[in-house]
$ cat entry-v5.tsv   # TSV, C-alpha atoms
chain	number	residue	atom	x	y	z
A	1	MET	CA	-43.06	34.95	15.84
A	2	THR	CA	-39.72	34.14	17.46
A	3	PHE	CA	-36.47	35.90	16.78
A	4	LEU	CA	-35.08	32.73	15.15
A	5	THR	CA	-37.94	32.75	12.63
A	6	PHE	CA	-37.41	36.46	12.03
A	7	TYR	CA	-33.63	36.04	11.67
A	8	ASN	CA	-34.07	33.33	9.06
A	9	ALA	CA	-36.74	35.32	7.22
A	10	VAL	CA	-34.31	38.25	6.93
A	11	LEU	CA	-31.57	35.91	5.77
A	12	SER	CA	-33.84	34.08	3.38
A	13	GLU	CA	-30.96	32.30	1.69
A	14	VAL	CA	-29.99	30.50	4.90
A	15	ASN	CA	-31.47	27.14	5.89
A	16	SER	CA	-34.41	27.90	8.13
A	17	SER	CA	-33.34	25.46	10.85
A	18	ALA	CA	-30.05	27.27	11.43
A	19	ASP	CA	-29.28	28.22	14.99
A	20	LEU	CA	-28.71	31.82	16.01
A	21	PRO	CA	-24.96	32.60	16.09
A	22	PHE	CA	-25.33	34.29	19.51
A	23	PRO	CA	-27.11	33.52	22.79
A	24	ILE	CA	-30.48	35.16	23.43
A	25	GLU	CA	-32.40	35.78	26.65
A	26	LYS	CA	-36.12	36.22	27.12
A	27	ALA	CA	-37.37	39.18	29.14
A	28	LEU	CA	-40.84	40.15	30.32
A	29	TYR	CA	-41.81	43.75	31.00
A	30	ASN	CA	-45.04	45.04	32.47
A	31	LYS	CA	-46.94	47.99	31.05
A	32	GLY	CA	-45.08	51.18	32.01
A	33	ASP	CA	-41.75	49.47	32.79
A	34	ILE	CA	-38.65	51.27	31.58
A	35	ILE	CA	-36.54	48.98	29.38
A	36	THR	CA	-33.65	51.42	28.83
A	37	ASN	CA	-33.48	54.76	30.61
A	38	TYR	CA	-31.91	58.13	29.79
A	39	HIS	CA	-28.12	58.11	30.47
A	40	GLU	CA	-27.88	54.32	30.54
A	41	ILE	CA	-25.56	52.64	28.05
A	42	GLU	CA	-27.69	50.30	25.96
A	43	ASP	CA	-26.33	46.77	26.35
A	44	SER	CA	-28.86	44.88	24.21
A	45	VAL	CA	-30.99	44.91	21.11
A	46	TYR	CA	-34.50	43.56	21.53
A	47	PHE	CA	-36.83	41.58	19.31
A	48	ILE	CA	-40.51	42.10	20.17
A	49	ASN	CA	-42.39	38.78	20.45
A	50	LYS	CA	-45.40	40.55	21.94
A	51	GLY	CA	-46.13	44.13	22.95
A	52	ILE	CA	-45.50	47.72	21.95
A	53	VAL	CA	-42.38	49.72	22.87
A	54	GLU	CA	-42.29	53.51	23.04
A	55	LEU	CA	-39.14	55.50	22.24
A	56	SER	CA	-39.05	58.99	23.79
A	57	ILE	CA	-36.65	61.91	24.08
A	58	LYS	CA	-36.46	64.90	26.42
A	59	SER	CA	-37.04	68.26	24.79
A	60	TYR	CA	-36.54	71.18	27.20
A	61	MET	CA	-39.31	70.83	29.80
A	62	THR	CA	-41.34	68.24	27.90
A	63	GLU	CA	-40.86	64.79	26.47
A	64	LYS	CA	-41.46	63.88	22.83
A	65	ILE	CA	-42.21	60.46	21.41
A	66	ILE	CA	-39.92	59.54	18.55
A	67	ASP	CA	-41.46	56.24	17.53
A	68	PHE	CA	-43.51	53.18	18.46
A	69	PHE	CA	-42.24	49.65	17.81
A	70	PHE	CA	-44.58	46.69	17.35
A	71	GLU	CA	-44.53	42.87	17.22
A	72	LYS	CA	-41.94	41.30	14.88
A	73	GLU	CA	-39.79	44.43	14.99
A	74	MET	CA	-36.40	45.04	16.56
A	75	VAL	CA	-35.85	47.94	18.93
A	76	ALA	CA	-33.02	49.42	21.02
A	77	SER	CA	-31.57	52.72	22.02
A	78	LEU	CA	-29.61	52.04	18.87
A	79	THR	CA	-27.10	54.90	18.76
A	80	SER	CA	-26.22	54.22	22.41
A	81	PHE	CA	-25.85	50.52	21.58
A	82	LEU	CA	-23.70	51.08	18.49
A	83	ILE	CA	-21.25	53.56	20.03
A	84	GLN	CA	-21.66	52.36	23.66
A	85	ALA	CA	-22.33	55.87	24.91
A	86	GLU	CA	-25.04	57.25	27.22
A	87	SER	CA	-28.54	57.04	25.81
A	88	ASP	CA	-30.43	60.26	25.09
A	89	VAL	CA	-33.65	58.30	24.56
A	90	ARG	CA	-35.81	56.10	26.78
A	91	LEU	CA	-37.47	52.77	25.90
A	92	THR	CA	-40.72	52.06	27.75
A	93	ALA	CA	-43.10	49.09	27.58
A	94	LEU	CA	-46.34	50.72	26.41
A	95	ILE	CA	-48.27	47.51	27.15
A	96	ASP	CA	-47.06	44.20	28.63
A	97	CYS	CA	-44.10	43.04	26.54
A	98	GLU	CA	-42.34	39.77	25.81
A	99	LEU	CA	-38.90	40.41	24.35
A	100	GLU	CA	-35.81	38.46	23.24
A	101	MET	CA	-32.49	40.19	23.93
A	102	VAL	CA	-29.08	39.96	22.27
A	103	LYS	CA	-26.20	41.34	24.35
A	104	TYR	CA	-23.67	43.77	22.85
A	105	GLN	CA	-20.59	41.58	23.51
A	106	ASP	CA	-22.26	38.49	22.06
A	107	LEU	CA	-23.25	40.33	18.88
A	108	MET	CA	-19.79	41.89	18.43
A	109	GLN	CA	-18.22	38.44	18.88
A	110	ALA	CA	-20.53	36.95	16.23
A	111	TYR	CA	-19.79	39.84	13.83
A	112	LYS	CA	-16.06	38.99	13.81
A	113	HIS	CA	-16.12	35.94	11.56
A	114	ASP	CA	-19.70	35.09	10.59
A	115	LEU	CA	-20.87	36.09	7.09
A	116	SER	CA	-24.58	35.51	7.75
A	117	ILE	CA	-24.74	37.61	10.90
A	118	ASN	CA	-22.98	40.47	9.09
A	119	LYS	CA	-25.54	40.22	6.27
A	120	PHE	CA	-28.29	40.16	8.88
A	121	GLY	CA	-26.85	43.17	10.73
A	122	ARG	CA	-26.46	45.06	7.46
A	123	LYS	CA	-30.05	44.39	6.42
A	124	ILE	CA	-31.40	45.36	9.85
A	125	MET	CA	-29.41	48.61	9.69
A	126	GLU	CA	-30.68	49.28	6.15
A	127	GLY	CA	-34.25	48.88	7.43
A	128	ALA	CA	-33.57	51.08	10.48
A	129	TYR	CA	-32.06	53.72	8.20
A	130	ILE	CA	-35.04	53.71	5.82
A	131	ARG	CA	-37.43	54.02	8.77
A	132	LYS	CA	-35.50	56.99	10.20
A	133	SER	CA	-35.18	58.59	6.79
A	134	ASN	CA	-38.93	58.29	6.18
A	135	ARG	CA	-39.62	59.81	9.58
A	136	GLU	CA	-37.29	62.72	8.81
A	137	LYS	CA	-39.00	63.31	5.46
A	138	ALA	CA	-42.39	63.22	7.18
A	139	LEU	CA	-41.25	65.78	9.78
A	140	LEU	CA	-39.99	68.05	7.00
A	141	THR	CA	-42.82	67.70	4.48
A	142	LYS	CA	-46.01	66.26	5.98
A	143	THR	CA	-48.78	67.59	8.19
A	144	ALA	CA	-49.77	65.82	11.43
A	145	GLU	CA	-52.97	64.74	9.70
A	146	GLU	CA	-51.08	63.05	6.86
A	147	ILE	CA	-48.73	61.28	9.29
A	148	TYR	CA	-51.67	60.06	11.39
A	149	ALA	CA	-53.56	58.82	8.33
A	150	GLU	CA	-50.53	56.74	7.29
A	151	MET	CA	-50.06	55.38	10.80
A	152	PHE	CA	-53.74	54.51	10.89
A	153	LYS	CA	-53.38	52.61	7.62
A	154	THR	CA	-50.19	50.67	8.43
A	155	HIS	CA	-50.81	49.95	12.12
A	156	ALA	CA	-54.60	49.77	12.31
A	157	ARG	CA	-54.60	46.78	14.66
A	158	TYR	CA	-52.25	48.41	17.18
A	159	ILE	CA	-53.37	52.00	17.17
A	160	SER	CA	-56.30	51.40	19.52
A	161	GLN	CA	-53.83	50.17	22.15
A	162	ILE	CA	-51.88	53.45	22.22
A	163	PRO	CA	-53.28	56.18	24.49
A	164	VAL	CA	-54.43	59.26	22.57
A	165	ASN	CA	-52.09	61.60	24.45
A	166	LYS	CA	-49.12	59.45	23.38
A	167	ILE	CA	-50.12	59.56	19.71
A	168	ALA	CA	-50.48	63.34	20.04
A	169	LYS	CA	-46.96	63.52	21.52
A	170	TYR	CA	-45.67	61.48	18.58
A	171	LEU	CA	-47.35	63.83	16.11
A	172	GLY	CA	-46.24	66.92	18.04
A	173	ILE	CA	-49.79	68.27	18.38
A	174	HIS	CA	-52.33	68.85	21.16
A	175	PRO	CA	-54.67	65.94	22.02
A	176	GLU	CA	-57.64	68.15	21.00
A	177	SER	CA	-56.23	68.60	17.50
A	178	LEU	CA	-55.79	64.83	17.27
A	179	SER	CA	-59.45	64.31	18.24
A	180	ARG	CA	-60.49	66.52	15.33
A	181	ILE	CA	-58.22	64.57	12.94
A	182	ARG	CA	-59.58	61.23	14.19
A	183	LYS	CA	-63.18	62.35	13.74
A	184	LYS	CA	-62.43	63.45	10.19
A	185	ILE	CA	-60.71	60.14	9.29
A	186	ASN	CA	-63.37	57.98	10.92
A	187	SER	CA	-66.25	59.83	9.28
B	188	MET	CA	-8.51	60.55	0.25
B	189	THR	CA	-9.53	57.76	-2.12
B	190	PHE	CA	-12.35	55.34	-1.59
B	191	LEU	CA	-9.83	52.48	-1.22
B	192	THR	CA	-8.16	54.28	1.68
B	193	PHE	CA	-11.57	55.01	3.21
B	194	TYR	CA	-12.74	51.42	2.71
B	195	ASN	CA	-9.69	50.06	4.48
B	196	ALA	CA	-9.96	52.61	7.27
B	197	VAL	CA	-13.54	51.46	7.93
B	198	LEU	CA	-12.43	47.83	7.82
B	199	SER	CA	-9.42	48.50	9.99
B	200	GLU	CA	-8.81	44.79	10.54
B	201	VAL	CA	-8.22	44.19	6.84
B	202	ASN	CA	-4.79	44.56	5.24
B	203	SER	CA	-4.62	48.08	3.87
B	204	SER	CA	-3.39	46.98	0.46
B	205	ALA	CA	-6.53	44.93	-0.20
B	206	ASP	CA	-8.34	45.63	-3.45
B	207	LEU	CA	-11.94	46.76	-3.49
B	208	PRO	CA	-14.27	43.76	-4.03
B	209	PHE	CA	-16.23	45.68	-6.71
B	210	PRO	CA	-15.38	47.93	-9.67
B	211	ILE	CA	-15.51	51.70	-9.16
B	212	GLU	CA	-15.83	54.54	-11.64
B	213	LYS	CA	-14.71	58.13	-11.29
B	214	ALA	CA	-17.16	60.91	-12.09
B	215	LEU	CA	-16.74	64.67	-12.27
B	216	TYR	CA	-19.65	67.05	-11.70
B	217	ASN	CA	-19.66	70.81	-12.10
B	218	LYS	CA	-21.19	73.16	-9.57
B	219	GLY	CA	-24.98	72.97	-9.90
B	220	ASP	CA	-25.05	69.62	-11.76
B	221	ILE	CA	-27.75	67.19	-10.66
B	222	ILE	CA	-26.22	63.85	-9.66
B	223	THR	CA	-29.51	62.04	-8.98
B	224	ASN	CA	-32.87	63.65	-9.73
B	225	TYR	CA	-36.38	63.26	-8.28
B	226	HIS	CA	-38.11	60.12	-9.63
B	227	GLU	CA	-34.89	58.51	-10.82
B	228	ILE	CA	-33.92	55.13	-9.40
B	229	GLU	CA	-30.56	55.54	-7.70
B	230	ASP	CA	-28.08	53.15	-9.35
B	231	SER	CA	-24.94	54.07	-7.41
B	232	VAL	CA	-23.47	55.06	-4.09
B	233	TYR	CA	-20.85	57.78	-4.22
B	234	PHE	CA	-17.70	58.49	-2.27
B	235	ILE	CA	-16.73	62.16	-2.25
B	236	ASN	CA	-13.05	62.67	-3.10
B	237	LYS	CA	-13.60	66.42	-3.44
B	238	GLY	CA	-16.61	68.69	-3.22
B	239	ILE	CA	-19.88	69.17	-1.37
B	240	VAL	CA	-23.15	67.42	-2.25
B	241	GLU	CA	-26.58	68.78	-1.32
B	242	LEU	CA	-29.54	66.48	-0.59
B	243	SER	CA	-32.94	68.14	-1.07
B	244	ILE	CA	-36.62	67.18	-0.93
B	245	LYS	CA	-39.78	68.80	-2.31
B	246	SER	CA	-42.20	70.07	0.30
B	247	TYR	CA	-45.44	71.40	-1.19
B	248	MET	CA	-44.45	74.47	-3.22
B	249	THR	CA	-40.93	74.76	-1.82
B	250	GLU	CA	-37.80	72.67	-1.56
B	251	LYS	CA	-36.06	71.80	1.70
B	252	ILE	CA	-32.45	70.81	2.20
B	253	ILE	CA	-32.09	67.60	4.20
B	254	ASP	CA	-28.33	67.46	4.49
B	255	PHE	CA	-24.92	68.41	3.10
B	256	PHE	CA	-22.22	65.81	2.47
B	257	PHE	CA	-18.52	66.64	2.49
B	258	GLU	CA	-15.14	65.15	1.50
B	259	LYS	CA	-14.42	61.61	2.77
B	260	GLU	CA	-18.14	60.90	3.15
B	261	MET	CA	-20.42	58.59	1.23
B	262	VAL	CA	-23.67	59.85	-0.27
B	263	ALA	CA	-26.56	58.49	-2.35
B	264	SER	CA	-30.30	58.73	-2.60
B	265	LEU	CA	-29.96	55.84	-0.18
B	266	THR	CA	-33.54	54.64	0.27
B	267	SER	CA	-34.00	54.65	-3.51
B	268	PHE	CA	-30.73	52.73	-3.88
B	269	LEU	CA	-31.57	50.15	-1.21
B	270	ILE	CA	-35.08	49.32	-2.40
B	271	GLN	CA	-34.54	50.29	-6.08
B	272	ALA	CA	-37.58	52.55	-6.13
B	273	GLU	CA	-38.07	56.12	-7.39
B	274	SER	CA	-36.11	58.73	-5.47
B	275	ASP	CA	-38.02	61.39	-3.51
B	276	VAL	CA	-34.81	63.35	-2.99
B	277	ARG	CA	-32.34	65.08	-5.28
B	278	LEU	CA	-28.53	65.07	-5.11
B	279	THR	CA	-26.84	68.23	-6.46
B	280	ALA	CA	-23.17	69.18	-6.71
B	281	LEU	CA	-23.00	72.29	-4.54
B	282	ILE	CA	-19.48	73.02	-5.78
B	283	ASP	CA	-17.35	71.15	-8.37
B	284	CYS	CA	-17.22	67.51	-7.28
B	285	GLU	CA	-14.93	64.54	-7.88
B	286	LEU	CA	-16.70	61.32	-6.94
B	287	GLU	CA	-16.09	57.56	-7.03
B	288	MET	CA	-19.19	55.47	-7.82
B	289	VAL	CA	-20.14	51.88	-6.96
B	290	LYS	CA	-22.98	50.45	-9.06
B	291	TYR	CA	-25.93	48.68	-7.43
B	292	GLN	CA	-25.44	45.34	-9.24
B	293	ASP	CA	-21.74	45.26	-8.46
B	294	LEU	CA	-22.33	45.90	-4.77
B	295	MET	CA	-25.12	43.27	-4.54
B	296	GLN	CA	-22.83	40.76	-6.23
B	297	ALA	CA	-20.03	41.47	-3.75
B	298	TYR	CA	-22.46	41.20	-0.81
B	299	LYS	CA	-23.30	37.59	-1.73
B	300	HIS	CA	-20.17	35.86	-0.49
B	301	ASP	CA	-17.70	38.44	0.85
B	302	LEU	CA	-17.42	38.83	4.65
B	303	SER	CA	-15.42	42.07	4.55
B	304	ILE	CA	-17.81	43.91	2.23
B	305	ASN	CA	-20.75	42.89	4.43
B	306	LYS	CA	-18.92	44.25	7.47
B	307	PHE	CA	-18.16	47.40	5.52
B	308	GLY	CA	-21.79	47.78	4.39
B	309	ARG	CA	-23.02	47.19	7.92
B	310	LYS	CA	-20.68	49.81	9.37
B	311	ILE	CA	-21.60	52.36	6.69
B	312	MET	CA	-25.31	51.76	7.41
B	313	GLU	CA	-24.69	52.11	11.16
B	314	GLY	CA	-23.04	55.47	10.49
B	315	ALA	CA	-25.84	56.56	8.14
B	316	TYR	CA	-28.41	55.54	10.77
B	317	ILE	CA	-26.66	57.49	13.55
B	318	ARG	CA	-26.45	60.57	11.32
B	319	LYS	CA	-30.18	60.38	10.47
B	320	SER	CA	-31.10	59.69	14.07
B	321	ASN	CA	-29.11	62.72	15.27
B	322	ARG	CA	-30.80	64.88	12.64
B	323	GLU	CA	-34.23	63.67	13.76
B	324	LYS	CA	-33.40	64.42	17.40
B	325	ALA	CA	-32.17	67.88	16.39
B	326	LEU	CA	-35.40	68.56	14.47
B	327	LEU	CA	-37.43	67.48	17.50
B	328	THR	CA	-35.45	69.12	20.29
B	329	LYS	CA	-33.08	71.84	19.05
B	330	THR	CA	-33.47	75.42	17.89
B	331	ALA	CA	-32.10	76.56	14.51
B	332	GLU	CA	-29.44	78.50	16.43
B	333	GLU	CA	-28.24	75.39	18.25
B	334	ILE	CA	-28.13	73.37	15.02
B	335	TYR	CA	-26.18	76.11	13.24
B	336	ALA	CA	-23.71	76.45	16.13
B	337	GLU	CA	-22.97	72.69	15.93
B	338	MET	CA	-22.63	72.78	12.15
B	339	PHE	CA	-20.30	75.76	12.52
B	340	LYS	CA	-18.16	73.78	14.97
B	341	THR	CA	-17.97	70.47	13.05
B	342	HIS	CA	-17.75	71.82	9.51
B	343	ALA	CA	-15.99	75.16	9.98
B	344	ARG	CA	-13.78	74.74	6.90
B	345	TYR	CA	-16.71	73.99	4.58
B	346	ILE	CA	-19.42	76.31	5.84
B	347	SER	CA	-18.04	79.35	4.01
B	348	GLN	CA	-18.51	77.47	0.71
B	349	ILE	CA	-22.26	76.98	1.22
B	350	PRO	CA	-24.50	79.88	0.14
B	351	VAL	CA	-26.36	81.49	3.05
B	352	ASN	CA	-29.79	80.82	1.50
B	353	LYS	CA	-28.95	77.09	1.34
B	354	ILE	CA	-27.94	76.96	5.00
B	355	ALA	CA	-31.19	78.78	5.86
B	356	LYS	CA	-33.14	76.15	3.85
B	357	TYR	CA	-31.36	73.41	5.78
B	358	LEU	CA	-32.24	75.06	9.10
B	359	GLY	CA	-35.80	75.76	7.97
B	360	ILE	CA	-35.54	79.50	8.70
B	361	HIS	CA	-35.48	82.76	6.74
B	362	PRO	CA	-32.06	83.99	5.54
B	363	GLU	CA	-32.56	87.15	7.67
B	364	SER	CA	-32.90	85.03	10.82
B	365	LEU	CA	-29.72	83.19	9.88
B	366	SER	CA	-27.89	86.52	9.49
B	367	ARG	CA	-28.86	87.41	13.06
B	368	ILE	CA	-27.66	84.00	14.33
B	369	ARG	CA	-24.35	84.34	12.45
B	370	LYS	CA	-23.71	87.81	13.86
B	371	LYS	CA	-24.36	86.51	17.36
B	372	ILE	CA	-22.01	83.53	16.95
B	373	ASN	CA	-19.25	85.55	15.30
B	374	SER	CA	-19.35	88.30	17.91

$ encode --input "entry-v5.tsv" --output "structure tokens"
Amino acid sequence: MTFLTFYNAVLSEVNSSADLPFPIEKALYNKGDIITNYHEIEDSVYFINKGIVELSIKSYMTEKIIDFFFEKEMVASLTSFLIQAESDVRLTALIDCELEMVKYQDLMQAYKHDLSINKFGRKIMEGAYIRKSNREKALLTKTAEEIYAEMFKTHARYISQIPVNKIAKYLGIHPESLSRIRKKINS
Amino acid sequence: MTFLTFYNAVLSEVNSSADLPFPIEKALYNKGDIITNYHEIEDSVYFINKGIVELSIKSYMTEKIIDFFFEKEMVASLTSFLIQAESDVRLTALIDCELEMVKYQDLMQAYKHDLSINKFGRKIMEGAYIRKSNREKALLTKTAEEIYAEMFKTHARYISQIPVNKIAKYLGIHPESLSRIRKKINS
């Protein structure tokens, strides 16, 4: 799925042949490449044509994984992008990735006068908010096993591509505990 | 501060005498009143003229406090509002509150054709996202003491109005641990 298709699906009321109101660039990343690093100012938002992107944060001596982003989703170090300040998270290509990028200046320019792009931006932010809010509620109220079971249900086709130690880091548990959970769910 | 003033401050490019593109209603709540309850579908977003609103969630046998909202801020059971599904959070007036409400249907109607309200909605969602994202990062990387110290710094004038057991519930610690943290910070 291309970003244009995605954009028009989000703005379902707009004619599906409409052009994007900003330039986009394609970018290819190899497995393990850093897309946006700690302390960089995020200059783009990315639409994932193909691949999986990992979002991580430093926590004292370790690193924690905040989220994974899959095909047909948008990703960025979003707070850094929105306020143009140094990023406290890192974006890494978990497998080979094909992305489409929108630059900050181009998006801000389009936001000035275009109704559709403001609707689009609003809806994307609503979705990003709901995702974050659900994650917060999960952290406050769910066990690692419940979170894994949900992830297993919603992202079954991707989960085999994520290394076990990374899923454990996302759940905040030891890889051994995850093995026990996986055995239980698979049995 | 009224919602009109707030609305125009967010949309700084718009003439400050502009009318709101949707009707608003005033509502008064007494300390302890429930504004939106568990399992209700949120039908409004609220601007806080005066007061403090508590956002809580059920977690097994207990209740946890997700956030506090203060004067000049907007609050709602936002996921419930956005997708018009049952709320898994509760909004309570922590002290007497004076609110201005925008109804779901009125906002959706205004979103259809109005550029300014879409910019406004986008900016509000960006702010709500950043707030949630910061809270998630704090939950993942900060100690209760660090979170309290920040809260103490940014909301000094309100913190004395929030009961100690509620702050402890927000931090996820026992009230006795909070007493120790407060003594340390005040000394």

$ residues_around --input "entry-v5.tsv" --residues "Ala168 of chain A" --least-positions-apart "4" --cutoff "10 Å" --atoms "all atoms listed in the file" --output "ChimeraX atom specification"
/A:64-65,144,148,163-164,172-179

$ atom_distance --input "entry-v5.tsv" --atom1 "atom CA of Met125 of chain A" --atom2 "atom CA of Lys310 of chain B"
8.8 Å

$ closest_residue --input "entry-v5.tsv" --among "B:Arg277, B:Lys329, B:Lys259, B:Lys356" --to "Leu191 of chain B" --atoms "all atoms listed in the file"
B:Lys259

$ closest_atom_pairs --input "entry-v5.tsv" --of "chain B" --to "chain A" --cutoff "6 Å" --atoms "only C-alpha atoms" --output "Markdown table"
| residue | atom | partner | partner_atom | distance |
| --- | --- | --- | --- | --- |
| B:Ser246 | CA | A:Thr141 | CA | 4.8 |
| B:Thr266 | CA | A:Ile130 | CA | 5.8 |
| B:Leu302 | CA | A:Leu115 | CA | 5.0 |
| B:Asn305 | CA | A:Asn118 | CA | 5.7 |
| B:Lys306 | CA | A:Asn118 | CA | 5.8 |
| B:Arg309 | CA | A:Arg122 | CA | 4.1 |
| B:Met312 | CA | A:Met125 | CA | 5.7 |
| B:Tyr316 | CA | A:Tyr129 | CA | 4.8 |
| B:Ile317 | CA | A:Thr79 | CA | 5.8 |
| B:Glu323 | CA | A:Glu136 | CA | 5.9 |
| B:Thr328 | CA | A:Ser59 | CA | 4.8 |

$ residues_around --input "entry-v5.tsv" --residues "Val102 of chain A" --least-positions-apart "2" --cutoff "6 Å" --atoms "only C-alpha atoms" --output "mmCIF file with C-alpha atoms, in the frame of the given file"
data_model
loop_
_atom_site.group_PDB
_atom_site.id
_atom_site.type_symbol
_atom_site.label_atom_id
_atom_site.label_comp_id
_atom_site.auth_asym_id
_atom_site.auth_seq_id
_atom_site.Cartn_x
_atom_site.Cartn_y
_atom_site.Cartn_z
ATOM 1 C CA ILE A 24 -30.480 35.160 23.430
ATOM 2 C CA SER A 44 -28.860 44.880 24.210
ATOM 3 C CA VAL A 45 -30.990 44.910 21.110
#

$ residues_around --input "entry-v5.tsv" --residues "Phe70 of chain A" --least-positions-apart "5" --cutoff "10 Å" --atoms "all atoms listed in the file" --output "PyMOL selection string"
chain A and resi 47-54+75+97+155+158

$ atom_distance --input "entry-v5.tsv" --atom1 "atom CA of Lys31 of chain A" --atom2 "atom CA of Lys103 of chain A"
22.8 Å

$ atom_distance --input "entry-v5.tsv" --atom1 "atom CA of Asn195 of chain B" --atom2 "atom CA of Met108 of chain A"
19.1 Å

$ closest_residue --input "entry-v5.tsv" --among "B:Tyr233, B:Phe339, B:Tyr357, B:Tyr225" --to "Glu212 of chain B" --atoms "only C-alpha atoms"
B:Tyr233

$ closest_residue --input "entry-v5.tsv" --among "A:Thr143, A:Phe81, A:Arg182, A:Leu55" --to "Phe69 of chain A" --atoms "only C-alpha atoms"
A:Leu55

$ axis_aligned_box --input "entry-v5.tsv" --around "segment 334-353 of chain B" --padding-each-side "8 Å" --output "AutoDock Vina command-line options"
--center_x -21.8 --center_y 76.0 --center_z 8.1 --size_x 32.0 --size_y 27.0 --size_z 32.0

$ closest_residue --input "entry-v5.tsv" --among "A:Pro23, A:Thr5, A:Leu28, A:Glu73" --to "Gln109 of chain A" --atoms "only C-alpha atoms"
A:Pro23

$ decode --input "entry-v5.tsv" --residues "segment 92-105 of chain A" --atoms "N, CA and C atoms" --output "short mmCIF file (atom, residue, chain, number, x, y, z; two decimals), in the first residue's frame"
data_model
loop_
_atom_site.label_atom_id
_atom_site.label_comp_id
_atom_site.auth_asym_id
_atom_site.auth_seq_id
_atom_site.Cartn_x
_atom_site.Cartn_y
_atom_site.Cartn_z
N THR A 92 14.53 2.41 14.78
CA THR A 92 15.43 1.46 14.13
C THR A 92 14.64 0.56 13.17
N ALA A 93 15.25 0.26 12.02
CA ALA A 93 14.63 -0.70 11.10
C ALA A 93 14.86 -2.11 11.66
N LEU A 94 13.79 -2.77 12.07
CA LEU A 94 13.91 -4.09 12.70
C LEU A 94 14.16 -5.15 11.63
N ILE A 95 13.62 -4.94 10.45
CA ILE A 95 13.92 -5.75 9.26
C ILE A 95 14.13 -4.74 8.13
N ASP A 96 14.46 -5.19 6.93
CA ASP A 96 14.61 -4.26 5.80
C ASP A 96 13.31 -3.47 5.63
N CYS A 97 13.44 -2.16 5.45
CA CYS A 97 12.26 -1.29 5.38
C CYS A 97 12.23 -0.43 4.13
N GLU A 98 11.03 -0.25 3.61
CA GLU A 98 10.79 0.68 2.50
C GLU A 98 9.81 1.71 3.04
N LEU A 99 10.27 2.98 3.10
CA LEU A 99 9.46 4.02 3.72
C LEU A 99 9.18 5.16 2.75
N GLU A 100 8.12 5.92 2.99
CA GLU A 100 7.90 7.20 2.31
C GLU A 100 7.93 8.29 3.37
N MET A 101 8.69 9.36 3.10
CA MET A 101 8.92 10.41 4.10
C MET A 101 8.24 11.72 3.70
N VAL A 102 7.68 12.41 4.70
CA VAL A 102 7.20 13.78 4.51
C VAL A 102 8.05 14.66 5.40
N LYS A 103 8.63 15.73 4.83
CA LYS A 103 9.50 16.61 5.60
C LYS A 103 8.68 17.61 6.42
N TYR A 104 9.23 18.00 7.58
CA TYR A 104 8.55 18.91 8.49
C TYR A 104 8.10 20.20 7.80
N GLN A 105 9.01 20.87 7.09
CA GLN A 105 8.66 22.16 6.46
C GLN A 105 7.55 21.99 5.43
#
